[in-house]
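> Below is run_26.pdb; it holds PDB, C-alpha atoms and all ligand atoms.
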ATOM      1  CA  MET A  15     -76.725  21.803  48.195  1.00  0.00           C
ATOM      2  CA  VAL A  16     -76.132  18.051  48.201  1.00  0.00           C
ATOM      3  CA  PHE A  17     -78.763  15.433  47.514  1.00  0.00           C
ATOM      4  CA  ILE A  18     -78.456  11.704  47.950  1.00  0.00           C
ATOM      5  CA  TYR A  19     -79.412   9.910  44.791  1.00  0.00           C
ATOM      6  CA  LEU A  20     -79.806   6.195  44.171  1.00  0.00           C
ATOM      7  CA  LYS A  21     -78.287   4.970  40.948  1.00  0.00           C
ATOM      8  CA  GLU A  22     -79.402   1.522  39.927  1.00  0.00           C
ATOM      9  CA  VAL A  23     -76.766  -0.573  38.290  1.00  0.00           C
ATOM     10  CA  GLY A  24     -78.301  -3.979  37.690  1.00  0.00           C
ATOM     11  CA  ILE A  25     -79.408  -5.094  41.140  1.00  0.00           C
ATOM     12  CA  MET A  26     -76.733  -3.036  42.821  1.00  0.00           C
ATOM     13  CA  LYS A  27     -77.710   0.293  44.232  1.00  0.00           C
ATOM     14  CA  ILE A  28     -75.019   2.905  44.518  1.00  0.00           C
ATOM     15  CA  THR A  29     -75.552   5.809  46.815  1.00  0.00           C
ATOM     16  CA  GLU A  30     -73.644   8.881  45.874  1.00  0.00           C
ATOM     17  CA  ASP A  31     -73.611  12.498  46.777  1.00  0.00           C
ATOM     18  CA  ILE A  32     -74.479  14.788  43.939  1.00  0.00           C
ATOM     19  CA  ASP A  33     -73.619  18.419  44.305  1.00  0.00           C
ATOM     20  CA  THR A  34     -76.209  20.327  42.300  1.00  0.00           C
ATOM     21  CA  SER A  35     -74.895  23.765  43.241  1.00  0.00           C
ATOM     22  CA  LYS A  36     -73.173  24.274  39.880  1.00  0.00           C
ATOM     23  CA  TYR A  37     -76.336  23.621  37.868  1.00  0.00           C
ATOM     24  CA  PHE A  38     -79.187  25.933  37.042  1.00  0.00           C
ATOM     25  CA  CYS A  39     -82.456  25.799  35.113  1.00  0.00           C
ATOM     26  CA  TRP A  40     -81.998  26.297  31.373  1.00  0.00           C
ATOM     27  CA  ASN A  41     -85.620  27.106  30.655  1.00  0.00           C
ATOM     28  CA  PRO A  42     -85.801  30.822  29.738  1.00  0.00           C
ATOM     29  CA  GLY A  43     -89.479  30.819  30.749  1.00  0.00           C
ATOM     30  CA  CYS A  44     -88.731  29.651  34.304  1.00  0.00           C
ATOM     31  CA  SER A  45     -88.586  32.050  37.263  1.00  0.00           C
ATOM     32  CA  GLU A  46     -85.332  30.390  38.404  1.00  0.00           C
ATOM     33  CA  HIS A  47     -83.711  30.471  34.950  1.00  0.00           C
ATOM     34  CA  ASN A  48     -79.927  30.878  35.053  1.00  0.00           C
ATOM     35  CA  LYS A  49     -79.805  31.114  38.870  1.00  0.00           C
ATOM     36  CA  LYS A  50     -77.641  28.758  40.877  1.00  0.00           C
ATOM     37  CA  ASN A  51     -78.218  27.567  44.448  1.00  0.00           C
ATOM     38  CA  GLN A  52     -81.979  28.151  44.483  1.00  0.00           C
ATOM     39  CA  GLY A  53     -82.706  24.597  45.665  1.00  0.00           C
ATOM     40  CA  ASN A  54     -84.821  23.898  42.593  1.00  0.00           C
ATOM     41  CA  ILE A  55     -82.401  21.566  40.785  1.00  0.00           C
ATOM     42  CA  LYS A  56     -82.637  17.878  41.664  1.00  0.00           C
ATOM     43  CA  PRO A  57     -80.925  14.836  40.146  1.00  0.00           C
ATOM     44  CA  ALA A  58     -83.444  13.049  37.891  1.00  0.00           C
ATOM     45  CA  TYR A  59     -81.838  10.062  36.157  1.00  0.00           C
ATOM     46  CA  TYR A  60     -78.815   8.797  34.281  1.00  0.00           C
ATOM     47  CA  ASP A  61     -78.807   8.307  30.542  1.00  0.00           C
ATOM     48  CA  GLY A  62     -76.418   8.015  27.621  1.00  0.00           C
ATOM     49  CA  LYS A  63     -74.634   5.013  26.188  1.00  0.00           C
ATOM     50  CA  ASP A  64     -72.988   4.050  29.479  1.00  0.00           C
ATOM     51  CA  LYS A  65     -75.649   5.589  31.716  1.00  0.00           C
ATOM     52  CA  GLU A  66     -73.060   8.038  32.924  1.00  0.00           C
ATOM     53  CA  ILE A  67     -74.702  11.309  31.953  1.00  0.00           C
ATOM     54  CA  LEU A  68     -76.651  12.825  34.800  1.00  0.00           C
ATOM     55  CA  TYR A  69     -79.958  14.497  34.015  1.00  0.00           C
ATOM     56  CA  LEU A  70     -81.300  17.110  36.346  1.00  0.00           C
ATOM     57  CA  LYS A  71     -84.785  18.407  36.870  1.00  0.00           C
ATOM     58  CA  CYS A  72     -85.996  21.837  37.814  1.00  0.00           C
ATOM     59  CA  THR A  73     -88.708  21.531  40.460  1.00  0.00           C
ATOM     60  CA  ILE A  74     -90.207  24.896  39.464  1.00  0.00           C
ATOM     61  CA  CYS A  75     -90.891  24.242  35.767  1.00  0.00           C
ATOM     62  CA  ASN A  76     -90.345  20.437  35.705  1.00  0.00           C
ATOM     63  CA  LYS A  77     -87.955  20.625  32.761  1.00  0.00           C
ATOM     64  CA  THR A  78     -85.055  18.188  32.642  1.00  0.00           C
ATOM     65  CA  PHE A  79     -81.663  18.806  31.117  1.00  0.00           C
ATOM     66  CA  SER A  80     -78.294  17.111  30.786  1.00  0.00           C
ATOM     67  CA  GLU A  81     -75.474  17.949  33.199  1.00  0.00           C
ATOM     68  CA  ASN A  82     -73.444  18.627  30.044  1.00  0.00           C
ATOM     69  CA  LYS A  83     -75.692  21.323  28.645  1.00  0.00           C
ATOM     70  CA  GLY A  84     -73.661  24.417  27.852  1.00  0.00           C
ATOM     71  CA  THR A  85     -70.391  22.504  28.076  1.00  0.00           C
ATOM     72  CA  PHE A  86     -68.012  20.945  25.598  1.00  0.00           C
ATOM     73  CA  PHE A  87     -69.422  17.478  26.386  1.00  0.00           C
ATOM     74  CA  PHE A  88     -73.021  18.283  25.460  1.00  0.00           C
ATOM     75  CA  ARG A  89     -74.459  15.747  22.970  1.00  0.00           C
ATOM     76  CA  LYS A  90     -71.178  13.822  22.812  1.00  0.00           C
ATOM     77  CA  LYS A  91     -71.955  10.139  23.119  1.00  0.00           C
ATOM     78  CA  ILE A  92     -68.520   8.857  24.077  1.00  0.00           C
ATOM     79  CA  LYS A  93     -67.201   8.617  27.633  1.00  0.00           C
ATOM     80  CA  LYS A  94     -65.718  11.846  28.943  1.00  0.00           C
ATOM     81  CA  ASP A  95     -62.561  10.050  29.951  1.00  0.00           C
ATOM     82  CA  THR A  96     -62.003   8.771  26.403  1.00  0.00           C
ATOM     83  CA  ILE A  97     -62.708  12.200  24.893  1.00  0.00           C
ATOM     84  CA  VAL A  98     -60.264  13.918  27.234  1.00  0.00           C
ATOM     85  CA  LYS A  99     -57.549  11.302  26.627  1.00  0.00           C
ATOM     86  CA  ALA A 100     -58.013  11.491  22.857  1.00  0.00           C
ATOM     87  CA  LEU A 101     -57.894  15.290  22.900  1.00  0.00           C
ATOM     88  CA  LYS A 102     -54.801  15.240  25.077  1.00  0.00           C
ATOM     89  CA  SER A 103     -53.231  12.842  22.636  1.00  0.00           C
ATOM     90  CA  THR A 104     -53.870  15.183  19.684  1.00  0.00           C
ATOM     91  CA  SER A 105     -52.695  18.181  21.699  1.00  0.00           C
ATOM     92  CA  GLU A 106     -49.403  16.319  22.293  1.00  0.00           C
ATOM     93  CA  GLY A 107     -48.942  16.118  18.552  1.00  0.00           C
ATOM     94  CA  GLN A 108     -50.489  12.737  17.829  1.00  0.00           C
ATOM     95  CA  GLY A 109     -52.240  12.766  14.444  1.00  0.00           C
ATOM     96  CA  ILE A 110     -55.987  12.354  13.998  1.00  0.00           C
ATOM     97  CA  ARG A 111     -55.658   8.935  12.341  1.00  0.00           C
ATOM     98  CA  PRO A 112     -53.401   7.303  14.963  1.00  0.00           C
ATOM     99  CA  THR A 113     -55.585   8.797  17.704  1.00  0.00           C
ATOM    100  CA  SER A 114     -58.621   7.337  15.954  1.00  0.00           C
ATOM    101  CA  ARG A 115     -57.002   3.888  15.912  1.00  0.00           C
ATOM    102  CA  ILE A 116     -55.740   4.021  19.501  1.00  0.00           C
ATOM    103  CA  PHE A 117     -59.095   5.062  20.987  1.00  0.00           C
ATOM    104  CA  ASP A 118     -61.205   3.155  18.485  1.00  0.00           C
ATOM    105  CA  VAL A 119     -63.191   6.280  17.615  1.00  0.00           C
ATOM    106  CA  ASP A 120     -64.000   7.396  14.066  1.00  0.00           C
ATOM    107  CA  LYS A 121     -61.458   9.941  12.772  1.00  0.00           C
ATOM    108  CA  ASN A 122     -64.223  12.381  11.827  1.00  0.00           C
ATOM    109  CA  THR A 123     -65.496  12.228  15.408  1.00  0.00           C
ATOM    110  CA  ILE A 124     -61.994  13.027  16.704  1.00  0.00           C
ATOM    111  CA  LEU A 125     -61.756  15.850  14.185  1.00  0.00           C
ATOM    112  CA  SER A 126     -65.083  17.287  15.347  1.00  0.00           C
ATOM    113  CA  TRP A 127     -63.868  17.177  18.987  1.00  0.00           C
ATOM    114  CA  VAL A 128     -60.663  18.991  18.048  1.00  0.00           C
ATOM    115  CA  LYS A 129     -62.634  21.691  16.228  1.00  0.00           C
ATOM    116  CA  ASP A 130     -65.148  21.962  19.064  1.00  0.00           C
ATOM    117  CA  ALA A 131     -62.361  22.103  21.649  1.00  0.00           C
ATOM    118  CA  GLY A 132     -61.219  25.296  19.938  1.00  0.00           C
ATOM    119  CA  ASN A 133     -64.608  26.867  20.702  1.00  0.00           C
ATOM    120  CA  HIS A 134     -64.359  25.813  24.338  1.00  0.00           C
ATOM    121  CA  SER A 135     -60.649  26.431  24.852  1.00  0.00           C
ATOM    122  CA  ASN A 136     -60.935  27.819  28.413  1.00  0.00           C
ATOM    123  CA  GLU A 137     -63.079  24.900  29.495  1.00  0.00           C
ATOM    124  CA  ILE A 138     -60.749  22.371  27.833  1.00  0.00           C
ATOM    125  CA  GLU A 139     -57.728  23.917  29.514  1.00  0.00           C
ATOM    126  CA  LYS A 140     -59.461  23.538  32.893  1.00  0.00           C
ATOM    127  CA  ILE A 141     -60.482  19.930  32.131  1.00  0.00           C
ATOM    128  CA  PHE A 142     -56.929  19.060  31.110  1.00  0.00           C
ATOM    129  CA  SER A 143     -55.466  20.496  34.297  1.00  0.00           C
ATOM    130  CA  GLU A 144     -58.099  18.759  36.484  1.00  0.00           C
ATOM    131  CA  PHE A 145     -57.495  15.531  34.608  1.00  0.00           C
ATOM    132  CA  THR A 146     -53.743  15.757  35.144  1.00  0.00           C
ATOM    133  CA  THR A 147     -54.180  16.550  38.850  1.00  0.00           C
ATOM    134  CA  LYS A 148     -56.578  13.606  39.272  1.00  0.00           C
ATOM    135  CA  ARG A 149     -54.142  11.240  37.560  1.00  0.00           C
ATOM    136  CA  SER A 150     -51.109  12.277  39.529  1.00  0.00           C
ATOM    137  CA  SER A 151     -52.913  12.215  42.887  1.00  0.00           C
ATOM    138  CA  GLY A 152     -54.690   8.926  42.266  1.00  0.00           C
TER     139      GLY A 152
HETATM  140 ZN    ZN A 201     -87.069  25.804  35.748  1.00  0.00          ZN
END
Please rewrite the model in this file as structure tokens.


Amino acid sequence: MVFIYLKEVGIMKITEDIDTSKYFCWNPGCSEHNKKNQGNIKPAYYDGKDKEILYLKCTICNKTFSENKGTFFFRKKIKKDTIVKALKSTSEGQGIRPTSRIFDVDKNTILSWVKDAGNHSNEIEKIFSEFTTKRSSG
């Protein structure tokens, strides 16, 4: 299901299509918990450092949650693009310290991403391949 959502950037309004079909309600007490495509998930607002993290709301229980919940990116405050590039860099053999300098991200943060990527290896593999496809086609 696709909803039109207005994102306010300064005085500019951007209309974009948001496909909510991949999201579901995370509230275990909700009747629609863990079910996709029930029509109960609506875009709520953007938040995060660069206002790029979408928050969604369940219309049944009124709980909101981050689009990143349950994913590698949950609670990470740095842009996805930067995280993916930095991880790719380390996976190509670049050390933690040079990666830290190149992307201007604390080395301990990079280290935590690398460790966390190990726990989400299937997801990371998918992100890397999508990222590569996007780059080569764009
Ligand atoms: Zn709910």

> Choose the residue, out of A:Asp64, A:Cys75, A:Lys129, A:Glu81, that has the smallest atom-to-atom separation from Ser105 (chain A); count only C-alpha atoms.

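Of the candidates, the smallest distance to Ser105 (chain A) is held by A:Lys129.
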
> Using the chain letters and numbers from the file, give me the residues hit by the PyMOL selection byres (((chain A and resi 82) around 12) and not hetatm), as a ChimeraX atom specification.

/A:36-38,40,60-62,66-70,78-81,83-91,94

> If we count all atoms listed in the file, what is near region 42-45 of chain A at a cut-off of 8 Å, once residues fewer than 3 positions away on the same chain are taken out, given as a PyMOL selection string?

chain A and resi 39+48+74-75

> Could the residues in this selection be written to a file with C-alpha atoms, as a compact mmCIF listing (two decimals), keeping the file's coordinate frame?


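Okay, result_30.txt is ready:
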# COMPACT_ATOMS: atom_id res chain seq x y z
CA CYS A 39 -82.46 25.80 35.11
CA ASN A 48 -79.93 30.88 35.05
CA ILE A 74 -90.21 24.90 39.46
CA CYS A 75 -90.89 24.24 35.77

> Here is a test: counting all atoms listed in the file, which residue of A:Phe142, A:Lys77, A:Lys71, A:Pro57 is nearest to Asn41 (chain A)?

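With all atoms listed in the file as the atom set, the closest residue is A:Lys77.
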
> Give me, please, the distance in Å between CA of Lys56 (chain A) and CA of Thr96 (chain A), quoted to one decimal.

27.2 Å

> Using only C-alpha atoms - which residues lie no farther than 6 Å from the point (-58.2, 16.9, 20.1) in the file's frame? Write them as an mmCIF file with C-alpha atoms, in the coordinates of the input.


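Heads up, here's the output in part32.cif:
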data_model
loop_
_atom_site.group_PDB
_atom_site.id
_atom_site.type_symbol
_atom_site.label_atom_id
_atom_site.label_comp_id
_atom_site.auth_asym_id
_atom_site.auth_seq_id
_atom_site.Cartn_x
_atom_site.Cartn_y
_atom_site.Cartn_z
ATOM 1 C CA LEU A 101 -57.894 15.290 22.900
ATOM 2 C CA THR A 104 -53.870 15.183 19.684
ATOM 3 C CA SER A 105 -52.695 18.181 21.699
ATOM 4 C CA TRP A 127 -63.868 17.177 18.987
ATOM 5 C CA VAL A 128 -60.663 18.991 18.048
#

> Quick check, in Å to one decimal: how far apart do CA of Ile55 (chain A) and CA of Val98 (chain A) lie?

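So the two atoms, CA of Ile55 (chain A) and CA of Val98 (chain A), lie 27.1 Å apart.
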
> Between A:Thr73, A:Thr113, A:Asn51, A:Thr123, which is the closest to ligand ZN 201 (chain A) once you count all atoms listed in the file?

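Ranking A:Thr73, A:Thr113, A:Asn51, A:Thr123 by distance to ligand ZN 201 (chain A), first place goes to A:Thr73.
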
> Which one of A:Ile116, A:Cys72, A:Ile97, A:Ile141 sits closest to ligand ZN 201 (chain A) if you count only C-alpha atoms and all ligand atoms?

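Closest residue, counting only C-alpha atoms and all ligand atoms: A:Cys72.
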
> Would you mind reading off the distance between CA of Thr147 (chain A) and CA of Asn122 (chain A), one decimal, in Å?

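So the answer is 29.1 Å.
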
> With only C-alpha atoms and all ligand atoms as the basis for distance, which of A:Ala131, A:Lys65, A:Asn76, A:Ile32 is at the shortest distance from ligand ZN 201 (chain A)?

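Of A:Ala131, A:Lys65, A:Asn76, A:Ile32, the one nearest ligand ZN 201 (chain A), counting only C-alpha atoms and all ligand atoms, is A:Asn76.
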
> Grab region 62-141 of chain A from that structure and dump C-alpha atoms to a file, as a PDB file, in the first residue's frame.


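Output file result_10.pdb follows:
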ATOM      1  CA  GLY A  62      17.237  11.733  13.369  1.00  0.00           C
ATOM      2  CA  LYS A  63      20.213  14.002  12.882  1.00  0.00           C
ATOM      3  CA  ASP A  64      19.473  14.675   9.212  1.00  0.00           C
ATOM      4  CA  LYS A  65      15.722  14.107   9.456  1.00  0.00           C
ATOM      5  CA  GLU A  66      16.142  11.111   7.220  1.00  0.00           C
ATOM      6  CA  ILE A  67      14.772   8.382   9.461  1.00  0.00           C
ATOM      7  CA  LEU A  68      11.133   7.675   8.785  1.00  0.00           C
ATOM      8  CA  TYR A  69       8.869   6.962  11.737  1.00  0.00           C
ATOM      9  CA  LEU A  70       5.718   4.999  11.209  1.00  0.00           C
ATOM     10  CA  LYS A  71       2.566   4.782  13.240  1.00  0.00           C
ATOM     11  CA  CYS A  72       0.208   1.908  13.785  1.00  0.00           C
ATOM     12  CA  THR A  73      -3.374   3.146  13.498  1.00  0.00           C
ATOM     13  CA  ILE A  74      -4.650   0.287  15.680  1.00  0.00           C
ATOM     14  CA  CYS A  75      -2.545   0.861  18.811  1.00  0.00           C
ATOM     15  CA  ASN A  76      -1.141   4.342  17.978  1.00  0.00           C
ATOM     16  CA  LYS A  77       2.438   3.287  18.680  1.00  0.00           C
ATOM     17  CA  THR A  78       5.201   4.787  16.564  1.00  0.00           C
ATOM     18  CA  PHE A  79       8.452   3.132  15.613  1.00  0.00           C
ATOM     19  CA  SER A  80      11.497   3.774  13.457  1.00  0.00           C
ATOM     20  CA  GLU A  81      11.704   2.334   9.942  1.00  0.00           C
ATOM     21  CA  ASN A  82      15.040   0.899  11.102  1.00  0.00           C
ATOM     22  CA  LYS A  83      13.669  -1.135  13.977  1.00  0.00           C
ATOM     23  CA  GLY A  84      14.838  -4.724  13.695  1.00  0.00           C
ATOM     24  CA  THR A  85      17.505  -3.807  11.156  1.00  0.00           C
ATOM     25  CA  PHE A  86      21.219  -3.156  11.272  1.00  0.00           C
ATOM     26  CA  PHE A  87      20.590   0.612  11.106  1.00  0.00           C
ATOM     27  CA  PHE A  88      18.433   0.802  14.231  1.00  0.00           C
ATOM     28  CA  ARG A  89      19.694   3.470  16.679  1.00  0.00           C
ATOM     29  CA  LYS A  90      22.621   4.370  14.418  1.00  0.00           C
ATOM     30  CA  LYS A  91      22.813   8.134  14.177  1.00  0.00           C
ATOM     31  CA  ILE A  92      24.955   8.449  11.066  1.00  0.00           C
ATOM     32  CA  LYS A  93      23.623   8.541   7.507  1.00  0.00           C
ATOM     33  CA  LYS A  94      22.990   5.119   6.016  1.00  0.00           C
ATOM     34  CA  ASP A  95      25.033   6.008   2.974  1.00  0.00           C
ATOM     35  CA  THR A  96      28.082   6.837   5.108  1.00  0.00           C
ATOM     36  CA  ILE A  97      27.692   3.656   7.173  1.00  0.00           C
ATOM     37  CA  VAL A  98      27.453   1.475   4.076  1.00  0.00           C
ATOM     38  CA  LYS A  99      30.451   3.167   2.422  1.00  0.00           C
ATOM     39  CA  ALA A 100      32.544   2.866   5.584  1.00  0.00           C
ATOM     40  CA  LEU A 101      31.626  -0.799   6.002  1.00  0.00           C
ATOM     41  CA  LYS A 102      32.409  -1.485   2.364  1.00  0.00           C
ATOM     42  CA  SER A 103      35.739   0.201   2.858  1.00  0.00           C
ATOM     43  CA  THR A 104      36.620  -2.053   5.815  1.00  0.00           C
ATOM     44  CA  SER A 105      35.365  -5.120   3.958  1.00  0.00           C
ATOM     45  CA  GLU A 106      37.793  -4.234   1.133  1.00  0.00           C
ATOM     46  CA  GLY A 107      40.623  -4.421   3.624  1.00  0.00           C
ATOM     47  CA  GLN A 108      40.865  -0.796   4.694  1.00  0.00           C
ATOM     48  CA  GLY A 109      41.832  -0.552   8.372  1.00  0.00           C
ATOM     49  CA  ILE A 110      39.568   0.876  11.064  1.00  0.00           C
ATOM     50  CA  ARG A 111      41.764   3.943  11.624  1.00  0.00           C
ATOM     51  CA  PRO A 112      42.068   5.038   7.972  1.00  0.00           C
ATOM     52  CA  THR A 113      38.336   4.411   7.524  1.00  0.00           C
ATOM     53  CA  SER A 114      37.701   6.553  10.592  1.00  0.00           C
ATOM     54  CA  ARG A 115      39.763   9.390   9.103  1.00  0.00           C
ATOM     55  CA  ILE A 116      38.273   9.143   5.609  1.00  0.00           C
ATOM     56  CA  PHE A 117      34.650   9.199   6.795  1.00  0.00           C
ATOM     57  CA  ASP A 118      35.278  11.455   9.772  1.00  0.00           C
ATOM     58  CA  VAL A 119      33.637   8.971  12.139  1.00  0.00           C
ATOM     59  CA  ASP A 120      35.101   7.897  15.485  1.00  0.00           C
ATOM     60  CA  LYS A 121      37.103   4.656  15.174  1.00  0.00           C
ATOM     61  CA  ASN A 122      35.132   3.043  18.004  1.00  0.00           C
ATOM     62  CA  THR A 123      31.920   3.789  16.109  1.00  0.00           C
ATOM     63  CA  ILE A 124      33.354   2.118  12.990  1.00  0.00           C
ATOM     64  CA  LEU A 125      34.449  -0.819  15.123  1.00  0.00           C
ATOM     65  CA  SER A 126      30.956  -1.171  16.591  1.00  0.00           C
ATOM     66  CA  TRP A 127      29.462  -1.168  13.055  1.00  0.00           C
ATOM     67  CA  VAL A 128      31.890  -3.876  11.948  1.00  0.00           C
ATOM     68  CA  LYS A 129      30.989  -6.021  14.962  1.00  0.00           C
ATOM     69  CA  ASP A 130      27.275  -5.377  14.484  1.00  0.00           C
ATOM     70  CA  ALA A 131      27.525  -6.131  10.765  1.00  0.00           C
ATOM     71  CA  GLY A 132      28.639  -9.623  11.759  1.00  0.00           C
ATOM     72  CA  ASN A 133      25.328 -10.114  13.585  1.00  0.00           C
ATOM     73  CA  HIS A 134      23.392  -8.934  10.542  1.00  0.00           C
ATOM     74  CA  SER A 135      25.532 -10.544   7.852  1.00  0.00           C
ATOM     75  CA  ASN A 136      22.639 -11.554   5.550  1.00  0.00           C
ATOM     76  CA  GLU A 137      21.156  -8.080   5.712  1.00  0.00           C
ATOM     77  CA  ILE A 138      24.549  -6.434   5.111  1.00  0.00           C
ATOM     78  CA  GLU A 139      25.197  -8.658   2.115  1.00  0.00           C
ATOM     79  CA  LYS A 140      21.848  -7.579   0.636  1.00  0.00           C
ATOM     80  CA  ILE A 141      22.548  -3.889   1.367  1.00  0.00           C
TER      81      ILE A 141
END
